[in-house]
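Student: Dropping in structure02.pdb, with PDB, C-alpha atoms.
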```pdb
MODEL        1
ATOM      1  CA  MET S 248     -47.142 -69.165  32.692
ATOM      2  CA  ARG S 249     -46.322 -66.485  35.209
ATOM      3  CA  SER S 250     -45.767 -63.842  32.498
ATOM      4  CA  GLU S 251     -49.079 -64.744  30.814
ATOM      5  CA  HIS S 252     -50.856 -64.293  34.102
ATOM      6  CA  SER S 253     -49.107 -60.962  34.639
ATOM      7  CA  ALA S 254     -50.003 -59.787  31.125
ATOM      8  CA  SER S 255     -53.667 -60.642  31.623
ATOM      9  CA  GLY S 256     -53.554 -58.930  35.016
ATOM     10  CA  VAL S 257     -52.095 -55.794  33.431
ATOM     11  CA  ILE S 258     -54.781 -55.863  30.731
ATOM     12  CA  ALA S 259     -57.519 -56.291  33.335
ATOM     13  CA  LEU S 260     -56.067 -53.459  35.400
ATOM     14  CA  GLY S 261     -55.846 -51.265  32.302
ATOM     15  CA  CYS S 262     -59.483 -51.972  31.474
ATOM     16  CA  ALA S 263     -60.537 -51.197  35.046
ATOM     17  CA  VAL S 264     -58.636 -47.889  34.999
ATOM     18  CA  ALA S 265     -60.153 -46.930  31.624
ATOM     19  CA  ALA S 266     -63.650 -47.751  32.863
ATOM     20  CA  ALA S 267     -63.096 -45.752  36.040
ATOM     21  CA  MET S 268     -61.839 -42.780  34.037
ATOM     22  CA  ALA S 269     -64.829 -42.922  31.697
ATOM     23  CA  PHE S 270     -67.241 -43.149  34.623
ATOM     24  CA  SER S 271     -65.408 -40.373  36.441
ATOM     25  CA  SER S 272     -65.509 -38.011  33.460
ATOM     26  CA  ALA S 273     -69.194 -38.726  32.863
ATOM     27  CA  SER S 274     -70.084 -38.145  36.492
ATOM     28  CA  THR S 275     -67.992 -34.997  36.890
ATOM     29  CA  ILE S 276     -69.296 -33.124  33.847
ATOM     30  CA  ALA S 277     -71.702 -31.150  36.040
ATOM     31  CA  GLY S 278     -70.688 -27.715  37.161
ATOM     32  CA  GLU S 279     -71.666 -26.377  40.530
ATOM     33  CA  ALA S 280     -74.976 -24.684  41.153
ATOM     34  CA  LYS S 281     -76.804 -23.668  44.270
ATOM     35  CA  GLY S 282     -79.942 -21.818  45.074
ATOM     36  CA  THR S 283     -83.659 -22.173  44.657
ATOM     37  CA  ILE S 284     -86.395 -21.570  42.162
ATOM     38  CA  THR S 285     -89.787 -21.000  43.775
ATOM     39  CA  TYR S 286     -92.967 -21.166  41.733
ATOM     40  CA  LYS S 287     -96.457 -20.519  43.103
ATOM     41  CA  SER S 288     -98.719 -23.083  41.476
ATOM     42  CA  LYS S 289    -102.446 -23.491  42.037
ATOM     43  CA  ALA S 290    -101.679 -26.432  44.334
ATOM     44  CA  GLY S 291     -99.128 -24.451  46.378
ATOM     45  CA  ALA S 292     -95.514 -23.384  46.255
ATOM     46  CA  ILE S 293     -93.018 -25.561  44.407
ATOM     47  CA  VAL S 294     -89.435 -25.099  45.550
ATOM     48  CA  VAL S 295     -86.678 -26.573  43.393
ATOM     49  CA  THR S 296     -83.167 -26.641  44.869
ATOM     50  CA  ILE S 297     -80.665 -26.498  42.026
ATOM     51  CA  LYS S 298     -77.433 -28.529  42.321
ATOM     52  CA  ASN S 299     -75.964 -28.972  38.815
ATOM     53  CA  ALA S 300     -75.095 -26.664  35.916
ATOM     54  CA  TYR S 301     -74.146 -27.434  32.297
ATOM     55  CA  LEU S 302     -73.418 -25.393  29.186
ATOM     56  CA  ILE S 303     -74.611 -26.578  25.759
ATOM     57  CA  LYS S 304     -74.022 -24.806  22.425
ATOM     58  CA  GLY S 305     -76.161 -25.357  19.358
ATOM     59  CA  PRO S 306     -78.754 -23.963  16.957
ATOM     60  CA  ASP S 307     -81.681 -21.901  18.223
ATOM     61  CA  VAL S 308     -85.119 -23.317  17.427
ATOM     62  CA  VAL S 309     -86.349 -19.972  15.993
ATOM     63  CA  SER S 310     -83.367 -18.326  14.288
ATOM     64  CA  GLY S 311     -81.113 -21.322  13.682
ATOM     65  CA  LYS S 312     -78.085 -19.329  14.860
ATOM     66  CA  THR S 313     -75.776 -20.795  17.489
ATOM     67  CA  ILE S 314     -76.813 -20.034  21.052
ATOM     68  CA  ARG S 315     -75.541 -20.985  24.477
ATOM     69  CA  ARG S 316     -77.914 -22.810  26.842
ATOM     70  CA  VAL S 317     -77.285 -23.165  30.548
ATOM     71  CA  VAL S 318     -79.077 -26.196  31.951
ATOM     72  CA  LEU S 319     -79.698 -26.108  35.708
ATOM     73  CA  SER S 320     -81.017 -29.243  37.369
ATOM     74  CA  VAL S 321     -81.516 -31.064  40.621
ATOM     75  CA  ALA S 322     -80.329 -34.397  39.188
ATOM     76  CA  ASP S 323     -76.926 -35.020  37.609
ATOM     77  CA  ILE S 324     -77.814 -35.366  33.920
ATOM     78  CA  GLY S 325     -74.283 -34.851  32.589
ATOM     79  CA  ALA S 326     -74.037 -38.276  30.969
ATOM     80  CA  LYS S 327     -77.391 -37.795  29.221
ATOM     81  CA  LEU S 328     -76.410 -34.339  27.974
ATOM     82  CA  GLY S 329     -73.047 -35.662  26.821
ATOM     83  CA  ALA S 330     -74.886 -38.247  24.716
ATOM     84  CA  CYS S 331     -77.228 -35.663  23.122
ATOM     85  CA  GLY S 332     -76.850 -35.299  19.378
ATOM     86  CA  THR S 333     -79.313 -32.428  18.928
ATOM     87  CA  MET S 334     -80.162 -29.155  20.615
ATOM     88  CA  LEU S 335     -83.717 -30.299  21.343
ATOM     89  CA  CYS S 336     -82.281 -33.150  23.413
ATOM     90  CA  SER S 337     -80.618 -30.682  25.793
ATOM     91  CA  ASP S 338     -83.708 -29.990  27.881
ATOM     92  CA  GLY S 339     -85.856 -33.116  27.684
ATOM     93  CA  ASP S 340     -84.404 -34.950  30.669
ATOM     94  CA  ILE S 341     -84.875 -32.222  33.252
ATOM     95  CA  GLY S 342     -87.613 -33.140  35.707
ATOM     96  CA  GLU S 343     -86.797 -30.318  38.118
ATOM     97  CA  GLY S 344     -84.806 -27.291  36.987
ATOM     98  CA  MET S 345     -84.411 -24.633  34.346
ATOM     99  CA  THR S 346     -82.795 -23.762  31.052
ATOM    100  CA  ILE S 347     -81.539 -20.282  30.188
ATOM    101  CA  ASP S 348     -80.829 -19.399  26.555
ATOM    102  CA  PHE S 349     -78.177 -16.796  25.803
ATOM    103  CA  ASP S 350     -77.609 -15.133  22.403
ATOM    104  CA  ALA S 351     -81.085 -16.015  21.046
ATOM    105  CA  GLY S 352     -82.219 -12.383  21.007
ATOM    106  CA  PRO S 353     -82.228  -9.188  23.044
ATOM    107  CA  ARG S 354     -83.581 -10.985  26.150
ATOM    108  CA  LEU S 355     -82.764 -14.154  28.087
ATOM    109  CA  ASN S 356     -85.214 -16.941  27.310
ATOM    110  CA  TYR S 357     -85.858 -19.353  30.162
ATOM    111  CA  TRP S 358     -87.903 -22.469  30.832
ATOM    112  CA  PHE S 359     -88.689 -23.704  34.337
ATOM    113  CA  VAL S 360     -89.918 -27.222  35.172
ATOM    114  CA  GLY S 361     -90.959 -28.713  38.475
ATOM    115  CA  ASN S 362     -92.785 -31.728  39.840
ATOM    116  CA  ASN S 363     -91.267 -34.028  37.183
ATOM    117  CA  GLN S 364     -92.288 -31.630  34.354
ATOM    118  CA  LEU S 365     -95.933 -31.502  35.451
ATOM    119  CA  VAL S 366     -95.406 -27.788  36.127
ATOM    120  CA  GLN S 367     -93.776 -25.698  33.388
ATOM    121  CA  TYR S 368     -93.289 -21.987  32.839
ATOM    122  CA  SER S 369     -91.368 -20.174  30.116
ATOM    123  CA  GLY S 370     -90.527 -16.519  29.972
ATOM    124  CA  THR S 371     -87.961 -13.889  29.094
ATOM    125  CA  ALA S 372     -85.858 -11.564  31.216
ATOM    126  CA  ASP S 373     -83.575  -8.593  30.796
ATOM    127  CA  PRO S 374     -79.966  -9.833  30.408
ATOM    128  CA  ALA S 375     -78.876  -7.199  32.955
ATOM    129  CA  SER S 376     -80.826  -9.166  35.603
ATOM    130  CA  LEU S 377     -78.187 -11.928  35.467
ATOM    131  CA  LYS S 378     -74.769 -10.972  36.775
ATOM    132  CA  LEU S 379     -72.101 -13.035  34.981
ATOM    133  CA  THR S 380     -68.778 -13.672  36.714
ATOM    134  CA  ALA S 381     -67.378 -15.786  33.836
ATOM    135  CA  ASP S 382     -68.297 -15.574  30.156
ATOM    136  CA  THR S 383     -65.929 -17.652  28.034
ATOM    137  CA  PRO S 384     -66.504 -20.141  25.200
ATOM    138  CA  GLN S 385     -65.902 -22.999  27.676
ATOM    139  CA  ARG S 386     -67.767 -21.671  30.725
ATOM    140  CA  LEU S 387     -70.612 -19.451  31.910
ATOM    141  CA  ALA S 388     -70.921 -18.560  35.582
ATOM    142  CA  GLY S 389     -72.985 -16.061  37.471
ATOM    143  CA  ARG S 390     -75.785 -15.171  39.828
ATOM    144  CA  TRP S 391     -79.442 -14.700  38.964
ATOM    145  CA  ASP S 392     -81.659 -13.112  41.582
ATOM    146  CA  ILE S 393     -84.929 -12.162  39.953
ATOM    147  CA  ASP S 394     -88.577 -12.307  40.922
ATOM    148  CA  GLU S 395     -91.006 -12.945  38.069
ATOM    149  CA  SER S 396     -93.883 -13.950  40.384
ATOM    150  CA  ALA S 397     -95.885 -10.768  39.689
ATOM    151  CA  ALA S 398     -96.176 -11.974  36.074
ATOM    152  CA  GLY S 399     -97.059 -15.526  37.199
ATOM    153  CA  GLY S 400     -93.474 -16.762  36.882
ATOM    154  CA  PRO S 401     -90.881 -18.140  39.289
ATOM    155  CA  ARG S 402     -88.611 -16.465  41.822
ATOM    156  CA  MET S 403     -85.008 -17.422  40.989
ATOM    157  CA  GLN S 404     -82.114 -17.103  43.443
ATOM    158  CA  ILE S 405     -79.356 -19.109  41.786
ATOM    159  CA  GLU S 406     -75.582 -19.166  41.538
ATOM    160  CA  PHE S 407     -74.044 -21.369  38.856
ATOM    161  CA  ASP S 408     -70.764 -22.288  37.214
ATOM    162  CA  ALA S 409     -71.561 -24.167  34.001
ATOM    163  CA  PRO S 410     -68.763 -25.839  32.015
ATOM    164  CA  LEU S 411     -69.256 -26.612  28.328
ATOM    165  CA  VAL S 412     -70.372 -30.244  28.075
ATOM    166  CA  LYS S 413     -71.554 -30.425  24.484
ATOM    167  CA  GLU S 414     -71.606 -28.520  21.226
ATOM    168  CA  VAL S 415     -74.139 -29.776  18.691
ATOM    169  CA  THR S 416     -74.806 -28.743  15.107
ATOM    170  CA  LYS S 417     -78.268 -30.222  14.640
ATOM    171  CA  LEU S 418     -81.504 -28.807  16.002
ATOM    172  CA  ARG S 419     -83.486 -32.067  15.673
TER     173      ARG S 419
ENDMDL
END
```
Would you give me this structure, written as structure tokens?

Tutor:
Amino acid sequence: MRSEHSASGVIALGCAVAAAMAFSSASTIAGEAKGTITYKSKAGAIVVTIKNAYLIKGPDVVSGKTIRRVVLSVADIGAKLGACGTMLCSDGDIGEGMTIDFDAGPRLNYWFVGNNQLVQYSGTADPASLKLTADTPQRLAGRWDIDESAAGGPRMQIEFDAPLVKEVTKLR
């Protein structure tokens, strides 16, 4: 009887450890990010303080070729991004933040959202405006300090270190 109890205790402990590891890996997918994105809307300035960074690889909506997308967000959406099966899924859960597409063309494509996606702005920028400190298949890191407010866009002052969290093959 004692050995049966011990075996079930070991199994329970094993299950608890596995669950903790799964939760831990899902909650630690986010890379570090800090800085702000400021957007002047008609109702006033919207300031988004970025906390999380993720790297996704998948097909571009226009060309179909593989691009890298950095997702910057206030909320930790690592588990949601990890569950994405398509490239279009990689930006739908951001209520406050930005995506930056690399390799889609000669410029960086970006999309800013604020106020739970009620405010949105998309634009392009010169790649030289973003200073990368790491550019590997598993990680993109850098600093973006650019002011697009003269064109009606946001002011971005962001540092990020985005680990690869997902590589998808499907656009939709």

Student: Do you have the atom CA of Ala372 of chain S-atom CA of Val308 of chain S distance handy?

Tutor: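 Taking atom CA of Ala372 of chain S as the start and atom CA of Val308 of chain S as the end point, the length is 18.1 Å.
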
Student: Enumerate, as a VMD selection string, the residues matched when the PyMOL selection byres ((chain S and resi 323-325) around 8) is run on the file above.

Tutor: chain S and resid 273 to 277 299 301 320 to 322 326 to 329 340 to 341 412

Student: Assuming the chain letters and numbering stay as they are in my file, what does the PyMOL selection byres ((chain S and resi 367) around 12) actually select? List them as a count of residues only.

Tutor: 26

Student: Show which residues sit within 9 Å of Leu387 of chain S, as a list of chain:residue names. Count all atoms listed in the file, and ignore same-chain residues fewer than 5 positions away.

Tutor: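 Once the nearby chain positions are removed, what remains is S:Tyr301, S:Leu302, S:Val317, S:Leu379, S:Thr380, S:Ala381, S:Asp382, S:Phe407, S:Asp408, S:Ala409, S:Pro410, S:Leu411.
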
Student: Between atom CA of Arg419 of chain S and atom CA of Arg386 of chain S, what is the distance in Å, rounded to a tenth?

Tutor: 24.1 Å

Student: Could you please determine the separation between atom CA of Leu418 of chain S and atom CA of Ser337 of chain S in Å, to one decimal place?

Tutor: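 We find that atom CA of Leu418 of chain S and atom CA of Ser337 of chain S lie 10.0 Å from each other.
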